[in-house]
Amino acid sequence: MAFLQQWRRFNFFDKEVVKNPQTSEIFNKIQDIDITTCASGRGQIIFGDTRGILYFLDRSMQLTDFKAYEERVTHLHQLKQHNILVSIGQDESGINPVIKVWNLDKKDKTNNPTCTRYTRAIPGSNNPSQVSSLTVSENLNMMAIGFMDGSVTLIRGDVTRERHSKSRTIHQDKTPVTGLAFRHSQRNTFLYVVTETCTLSFNLTGKEPRKEVLDLHGCPFHCSVMSDATQDNQFLIGRSDAVYFYQPDGRGPCLAFEGQKTILHWFRGYLVVVTKDSKTLPRSVAGEGPPRIMDIVTVYDIQNKFIAYSAPVPEVLDVIQEWGSIYILGGDRKLYHLQEKDTQTKLEILFKKNLYIPAINLAKSQHYDYDGLIDIFTQYGDHLYSKGDHDGAIAQYIRTIGRLEPSYVIRKFLDAQRIHNLTAYLQALHKETLANEDHTTLLLNCYTKLKDNSKLDEFIMTKDKEVTFDVETAIKVCRQAGYYEHALFLAEKHNQHNLYLKIQLEDIKDYQKALTYIAKLDFEEAMDNMKKYGKMLMSEVPTQTTDLLKLLCTDYKPSDKPLVDPASLSGDVIVPPLVHKAPAEEFIHIFVNNSSQLMEFLEHMTKVQQDSPSLIYNTLLELYLHDLAHVEIKEKATKKELERKAMDLLQTSDSHYDIDQALILCQMHNFKKGILFLYEKGKLYQQILHYHMEHDEYDQIIDACKRYGTQDSNLWVQALSYFAGREDNCKQYIVEVLSQIDRRNLLPPLIVIETLAHNSTATLSVVKDYIIRRLQQENDQIADDERLIKQYREETEKMRTQIEEMKTNAKIFQVSKCSVCNHKLELPSVHFLCQHSYHQHCFDSYADNDQECPACAPENHKVLDIIKAQEQGRDLHEQFHRQLEKSQDGFSVVAEYFGRGVFNKVTLLTDSNKSSPARQQSSPASRPVTTPQPISKPPPSTRIPASVQPQITPAQPQPQRAYTTPGIPTRAAAAPYSAPTQAPARASQPVPRITPPQQRVPQTSMQRPSTPDSSKSSPRRTPTSTTPQSSLPGTPQRGASPKPDYSDSLNPFAEGGPGKASKPAVGGGTMNPFTGRPYSPTEAAGKNPFEEAPPAGTNPFGDEAEEEDDGSYNPFFN
């Protein structure tokens, strides 16, 4: 029970008499109306009087009316959600009242509201009785009527229509019904019924109402009302001692204050109570009428528990709410307007009185914005802080977290005496996850200064607690304050591995725990932390650290995880496990002060990972050699073991050490076996020999020369120089070296003798046998060379004779059988100057091409291949120098390349494209390409060598076509074939010179192109009725064609030979041997290919043979 007399009183409403807005005078239009009932809603106030008239008052104070009943209006009910008015009145005395439902939106012909229902209000006793109370459901599906005889009638159905409506009496009592009210919930509908003696509730959800007696006390008329949602839609009853609250299932709290209640009204969370006052109002000016009784109108704020307004009003007839305000109808027929003040004004009133709690409650109930509430909390906190109530102040400041800057509060509580309050605020700040690093640091410092371990544990050590602070800052503060356990807990929980290891290694110095912790980390974390802290761990726990590094560099798995992933075993597809291996070379620096552990680690790595990088092997070798150099002399077994390990490392084929680095290490530590092995492995035979020479190891020098002399014969030469420079008696070594030099022909004898001349111990007897052998060899070589020279001269003279013979004499064909089928030759036939003849059909069947003799073609191809190889070898300068450096006889190499013509200036001719004579006049391919040697003028006549041109004897004679070339005679038609057949003394057409690959013969429009495949078996076909004609090696000619001319430089049989250059034309160009005038751009597609031609090459056969062809290109010389 709450005593309302203890509630604070405020004046949150302004009272004024309603005035006419047009005239600003007191509204008096209802002065003469005998008002019996009132209602409000839908923007208007409705009055009913004793004459049955309904009055409607709008907001502009305009009053309208119409007559609804014949006698009087007793009850009115205006629905809130519908513009429907339900009225009860009397048309006749002595009978049951009439219920009328008005649709205020519809007007009839007289512009009055339409009555949609007309029903008699029949009580349960069936005897005429006056209506005492009325309520209508907002759903328009139920209406309850209370009568003076104590009965309650419930009408179900559409209240606006009489049809389909059913009425029944749900309650019968002896005392009048003083109040009715519906309450709707999501599932149920309740009806509250109040009489003068009891309070009831009916559940109307089912077919049969369920009655519930809430109290055995009732209330007078107009003293019951329904609250809104702010009070959970409770039913309020006012009695003389208190105001009671009821739920559908029982009575709730009550507000105790005495006084006779006449009216209860609910307005926006306020309870308006009208009570009687004993004071009387003085008489009017005219002195008429009895004195009026004053009623006290009090407005209670039930939620915030204060009185919002209280004032006397003369004889209150009714309390109405409309247009957002409270209107009171006084007995003087005046309307009094109670206007609520705005929230800010209310708060200012409370602030002036320092009533912050009511202000906060008021702001919340009025749905004040959050920023406004924060301002109230801040003002309230400042007020409490100024009064010294630090606990209360910090409680209000905590409510401002998120809006008020924390530094504003922290500055107020930095005093050591207020550290408890500061701690509470910082805890709340962390709980809201709004703390930064400084706040965390300050809170932990507060805990440590207070020595409040329980709070510190609660803040940090709770595993399931959500983290509301910066972890790194908390670890740092705990570490500085000496709370290492808390710092370790936070670091381990939040995976701050670096901080955890720092605390263990630097503060607690528990190295074994740190190493165990690293072994639990993931691969990347473990690798990084071992690089960072491995040196410290190696100095303290070397064995355990080495073991962890072995695991980390081979196949690492965290120690707290299973070796085999269970997920990989459950699936159908077996996924190969991922192998994590750290590069071992990145951890070598950890062992800087512990070589024994480093050696163990590196030996393990080379054993399990033979493909380790070279740095691993180099470092391990250096360790072996370092220990070997510093081992005591007495420790022979240790020294021997180290030598064995070092050599095993060097000799193992899988070792990936760097040879140069290993050699430097062996030299630094004077490891002889390793040095010699690496020299041998690197094929540094010279270095092996020099090493023995530096140490004067004569026998080893000879052994080295014997072992490696086949790979590097120069070793014997160096050995000879070495022994020759020694003054010791090295006769036996010199003799052995000389024998090897002689056998391998490494040095000329003069150089050997000159070398040994500086040694006083080397007498003539040492080199006597060597000199005799060399002189005999030289004599034998001279004899062989003279024999070969004689042979070559004879062959050369023979070739010259053959050439001259072919140039001057006619060739007689005496072959009577085909060289293919051995049958007698028949026309047509093909004759070659090589004394091979063929039937035409045999030649066509067996010949690869119609330019070569099938029998001589293989030998010709060999010659051409040799010439081609010589041509290709001309530009192989690097090969020439390499052979010259490696050869024992350099002169023979130079002679060989001189014979190839490397040192000559060569004439290169390119192949001409195969085209018809008619097209060769404009084709660039028919023009000569640039050659180093100028072309001579054509000779007056040419001769055909043997086995170059074929003679074709066709079956039918053809008319003769004469040639017009000067100096070449014409021939008559040949007679039918008869053996032997003699060729004419001079050929009717010149034959091109056999050219090596990449050469082309210059042509005119009368020529066919030549090819590099011509050999000494180029055919000559002799028709029976025409002058025999030749074809170039490119394409044969069956018919007569104009006779072409060839240059002297290309015809090996022309006078002057191929090496004789023609006289250059005037103007710097070269004379065209086919036109007799210089070349011009109209004859060649590009630049004149014969300008600035180099001089003719040297004839390898001497000056006396300069008229002959170059033997290197002529297959007849081979």
# chains A, B, ... in the order shown; residues from 1 in each chain; ligands from 1
call {"tool": "residues_around", "arguments": {"residues": "segment 262-270 of chain A", "least_positions_apart": "5", "cutoff": "9 Å", "atoms": "only C-alpha atoms", "output": "PyMOL selection string"}}
result
chain A and resi 220-231+236-239+275-276+295+299-303+308+316-321+324-326+365
call {"tool": "residues_around", "arguments": {"residues": "Asn670 of chain A", "least_positions_apart": "4", "cutoff": "9 Å", "atoms": "only C-alpha atoms", "output": "VMD selection string"}}
result
chain A and resid 625 629 665 to 666 674 to 675
call {"tool": "write_last_selection", "arguments": {"atoms": "C-alpha atoms", "output": "short mmCIF file (atom, residue, chain, number, x, y, z; two decimals), in the first residue's frame"}}
result
data_model
loop_
_atom_site.label_atom_id
_atom_site.label_comp_id
_atom_site.auth_asym_id
_atom_site.auth_seq_id
_atom_site.Cartn_x
_atom_site.Cartn_y
_atom_site.Cartn_z
CA LEU A 625 88.01 -29.58 -40.13
CA ALA A 629 92.84 -28.92 -36.55
CA LEU A 665 88.04 -24.83 -46.04
CA CYS A 666 90.42 -27.72 -46.68
CA GLY A 674 90.42 -33.28 -48.85
CA ILE A 675 92.47 -30.91 -50.98
#
call {"tool": "select_by_dssp", "arguments": {"residues": "segment 400-438 of chain A", "states": "alpha helix (DSSP H)", "output": "ChimeraX atom specification"}}
result
/A:406-410,419-431,437-438
call {"tool": "residues_around", "arguments": {"residues": "Cys705 of chain A", "least_positions_apart": "5", "cutoff": "12 Å", "atoms": "only C-alpha atoms", "output": "PDB file with N, CA and C atoms, in the first residue's frame"}}
result
ATOM      1  N   TYR A 685      93.738 -30.951 -62.418  1.00  0.00           N
ATOM      2  CA  TYR A 685      94.934 -31.786 -62.389  1.00  0.00           C
ATOM      3  C   TYR A 685      96.183 -30.932 -62.261  1.00  0.00           C
ATOM      4  N   GLN A 686      96.145 -29.764 -62.824  1.00  0.00           N
ATOM      5  CA  GLN A 686      97.286 -28.870 -62.680  1.00  0.00           C
ATOM      6  C   GLN A 686      97.521 -28.517 -61.214  1.00  0.00           C
ATOM      7  N   GLN A 687      96.418 -28.296 -60.489  1.00  0.00           N
ATOM      8  CA  GLN A 687      96.541 -27.944 -59.076  1.00  0.00           C
ATOM      9  C   GLN A 687      97.082 -29.108 -58.255  1.00  0.00           C
ATOM     10  N   ILE A 688      96.666 -30.330 -58.626  1.00  0.00           N
ATOM     11  CA  ILE A 688      97.211 -31.496 -57.918  1.00  0.00           C
ATOM     12  C   ILE A 688      98.725 -31.552 -58.107  1.00  0.00           C
ATOM     13  N   LEU A 689      99.167 -31.357 -59.349  1.00  0.00           N
ATOM     14  CA  LEU A 689     100.606 -31.397 -59.623  1.00  0.00           C
ATOM     15  C   LEU A 689     101.337 -30.285 -58.882  1.00  0.00           C
ATOM     16  N   HIS A 690     100.776 -29.091 -58.879  1.00  0.00           N
ATOM     17  CA  HIS A 690     101.418 -27.974 -58.188  1.00  0.00           C
ATOM     18  C   HIS A 690     101.479 -28.207 -56.688  1.00  0.00           C
ATOM     19  N   HIS A 692     101.819 -31.096 -55.158  1.00  0.00           N
ATOM     20  CA  HIS A 692     102.960 -31.993 -54.893  1.00  0.00           C
ATOM     21  C   HIS A 692     104.273 -31.278 -55.120  1.00  0.00           C
ATOM     22  N   MET A 693     104.286 -30.401 -56.111  1.00  0.00           N
ATOM     23  CA  MET A 693     105.517 -29.649 -56.354  1.00  0.00           C
ATOM     24  C   MET A 693     105.855 -28.738 -55.183  1.00  0.00           C
ATOM     25  N   TYR A 698     108.337 -35.933 -55.054  1.00  0.00           N
ATOM     26  CA  TYR A 698     108.724 -36.340 -56.402  1.00  0.00           C
ATOM     27  C   TYR A 698     107.915 -37.528 -56.888  1.00  0.00           C
ATOM     28  N   ASP A 699     107.818 -38.521 -56.023  1.00  0.00           N
ATOM     29  CA  ASP A 699     107.073 -39.710 -56.426  1.00  0.00           C
ATOM     30  C   ASP A 699     105.609 -39.384 -56.707  1.00  0.00           C
ATOM     31  N   GLN A 700     105.008 -38.550 -55.877  1.00  0.00           N
ATOM     32  CA  GLN A 700     103.611 -38.182 -56.086  1.00  0.00           C
ATOM     33  C   GLN A 700     103.443 -37.369 -57.376  1.00  0.00           C
ATOM     34  N   THR A 710      96.593 -38.627 -69.192  1.00  0.00           N
ATOM     35  CA  THR A 710      95.716 -38.853 -70.346  1.00  0.00           C
ATOM     36  C   THR A 710      94.682 -37.737 -70.493  1.00  0.00           C
ATOM     37  N   GLN A 711      94.247 -37.167 -69.367  1.00  0.00           N
ATOM     38  CA  GLN A 711      93.301 -36.054 -69.436  1.00  0.00           C
ATOM     39  C   GLN A 711      93.999 -34.737 -69.736  1.00  0.00           C
ATOM     40  N   ASP A 712      95.192 -34.565 -69.238  1.00  0.00           N
ATOM     41  CA  ASP A 712      95.920 -33.316 -69.457  1.00  0.00           C
ATOM     42  C   ASP A 712      97.389 -33.678 -69.680  1.00  0.00           C
ATOM     43  N   SER A 713      97.796 -33.771 -70.938  1.00  0.00           N
ATOM     44  CA  SER A 713      99.169 -34.174 -71.277  1.00  0.00           C
ATOM     45  C   SER A 713     100.182 -33.101 -70.912  1.00  0.00           C
ATOM     46  N   ASN A 714      99.727 -31.908 -70.661  1.00  0.00           N
ATOM     47  CA  ASN A 714     100.654 -30.832 -70.314  1.00  0.00           C
ATOM     48  C   ASN A 714     101.276 -31.036 -68.940  1.00  0.00           C
ATOM     49  N   LEU A 715     100.728 -31.969 -68.188  1.00  0.00           N
ATOM     50  CA  LEU A 715     101.303 -32.240 -66.861  1.00  0.00           C
ATOM     51  C   LEU A 715     102.751 -32.708 -66.976  1.00  0.00           C
ATOM     52  N   TRP A 716     103.049 -33.537 -67.988  1.00  0.00           N
ATOM     53  CA  TRP A 716     104.426 -34.006 -68.167  1.00  0.00           C
ATOM     54  C   TRP A 716     105.362 -32.851 -68.507  1.00  0.00           C
ATOM     55  N   VAL A 717     104.874 -31.913 -69.270  1.00  0.00           N
ATOM     56  CA  VAL A 717     105.694 -30.748 -69.602  1.00  0.00           C
ATOM     57  C   VAL A 717     106.017 -29.963 -68.349  1.00  0.00           C
ATOM     58  N   GLN A 718     104.994 -29.750 -67.495  1.00  0.00           N
ATOM     59  CA  GLN A 718     105.250 -29.018 -66.248  1.00  0.00           C
ATOM     60  C   GLN A 718     106.170 -29.809 -65.324  1.00  0.00           C
ATOM     61  N   ALA A 719     105.984 -31.128 -65.331  1.00  0.00           N
ATOM     62  CA  ALA A 719     106.884 -31.941 -64.502  1.00  0.00           C
ATOM     63  C   ALA A 719     108.322 -31.810 -64.970  1.00  0.00           C
ATOM     64  N   LEU A 720     108.521 -31.794 -66.304  1.00  0.00           N
ATOM     65  CA  LEU A 720     109.877 -31.616 -66.831  1.00  0.00           C
ATOM     66  C   LEU A 720     110.445 -30.272 -66.407  1.00  0.00           C
ATOM     67  N   TYR A 733     113.802 -39.330 -62.504  1.00  0.00           N
ATOM     68  CA  TYR A 733     112.505 -38.701 -62.766  1.00  0.00           C
ATOM     69  C   TYR A 733     112.494 -38.001 -64.129  1.00  0.00           C
ATOM     70  N   GLU A 736     112.131 -40.569 -66.912  1.00  0.00           N
ATOM     71  CA  GLU A 736     110.745 -41.052 -67.048  1.00  0.00           C
ATOM     72  C   GLU A 736     109.850 -40.000 -67.693  1.00  0.00           C
ATOM     73  N   VAL A 737     110.091 -38.751 -67.340  1.00  0.00           N
ATOM     74  CA  VAL A 737     109.290 -37.681 -67.917  1.00  0.00           C
ATOM     75  C   VAL A 737     109.597 -37.535 -69.404  1.00  0.00           C
ATOM     76  N   GLN A 740     107.823 -40.096 -71.509  1.00  0.00           N
ATOM     77  CA  GLN A 740     106.402 -39.783 -71.715  1.00  0.00           C
ATOM     78  C   GLN A 740     106.231 -38.643 -72.722  1.00  0.00           C
ATOM     79  N   ILE A 741     107.108 -37.640 -72.666  1.00  0.00           N
ATOM     80  CA  ILE A 741     107.030 -36.520 -73.603  1.00  0.00           C
ATOM     81  C   ILE A 741     107.318 -37.011 -75.013  1.00  0.00           C
TER      82      ILE A 741
END
call {"tool": "atom_distance", "arguments": {"atom1": "atom CA of Pro583 of chain A", "atom2": "atom CA of Glu524 of chain A"}}
result
11.8 Å
call {"tool": "residues_around", "arguments": {"residues": "segment 338-354 of chain A", "least_positions_apart": "5", "cutoff": "7 Å", "atoms": "only C-alpha atoms", "output": "PyMOL selection string"}}
result
chain A and resi 12-16+325-327+359
call {"tool": "atom_distance", "arguments": {"atom1": "atom CA of Leu404 of chain A", "atom2": "atom CA of His420 of chain A"}}
result
20.1 Å
call {"tool": "atom_distance", "arguments": {"atom1": "atom CA of Leu833 of chain A", "atom2": "atom CA of Cys818 of chain A"}}
result
14.2 Å
call {"tool": "residues_around", "arguments": {"residues": "Thr197 of chain A", "least_positions_apart": "3", "cutoff": "9 Å", "atoms": "only C-alpha atoms", "output": "ChimeraX atom specification"}}
result
/A:175-176,194,215-219
call {"tool": "residues_around", "arguments": {"residues": "Thr110 of chain A", "least_positions_apart": "4", "cutoff": "12 Å", "atoms": "only C-alpha atoms", "output": "MDAnalysis selection string"}}
result
chainID A and resid 65:67 106 114
call {"tool": "residues_around", "arguments": {"residues": "segment 594-607 of chain A", "least_positions_apart": "5", "cutoff": "8 Å", "atoms": "only C-alpha atoms", "output": "list in words"}}
result
Met538, Ser539, Pro542, Thr543, Thr546, Leu549, Lys550, Cys553, Thr554, Ala584, Ile588, Ser612, Ile616, Tyr617, Leu620 and Leu623 of chain A
call {"tool": "closest_residue", "arguments": {"among": "A:Phe202, A:Phe182, A:Tyr192, A:Tyr556", "to": "Phe523 of chain A", "atoms": "only C-alpha atoms"}}
result
A:Tyr556
call {"tool": "closest_residue", "arguments": {"among": "A:His580, A:Lys29, A:Lys174, A:Lys305", "to": "Arg9 of chain A", "atoms": "only C-alpha atoms"}}
result
A:Lys305
call {"tool": "closest_residue", "arguments": {"among": "A:Lys645, A:Lys639, A:His656, A:Lys557", "to": "Asp611 of chain A", "atoms": "only C-alpha atoms"}}
result
A:His656
call {"tool": "closest_residue", "arguments": {"among": "A:Asp742, A:Asn529, A:Gly150, A:Val541", "to": "Gln512 of chain A", "atoms": "only C-alpha atoms"}}
result
A:Val541
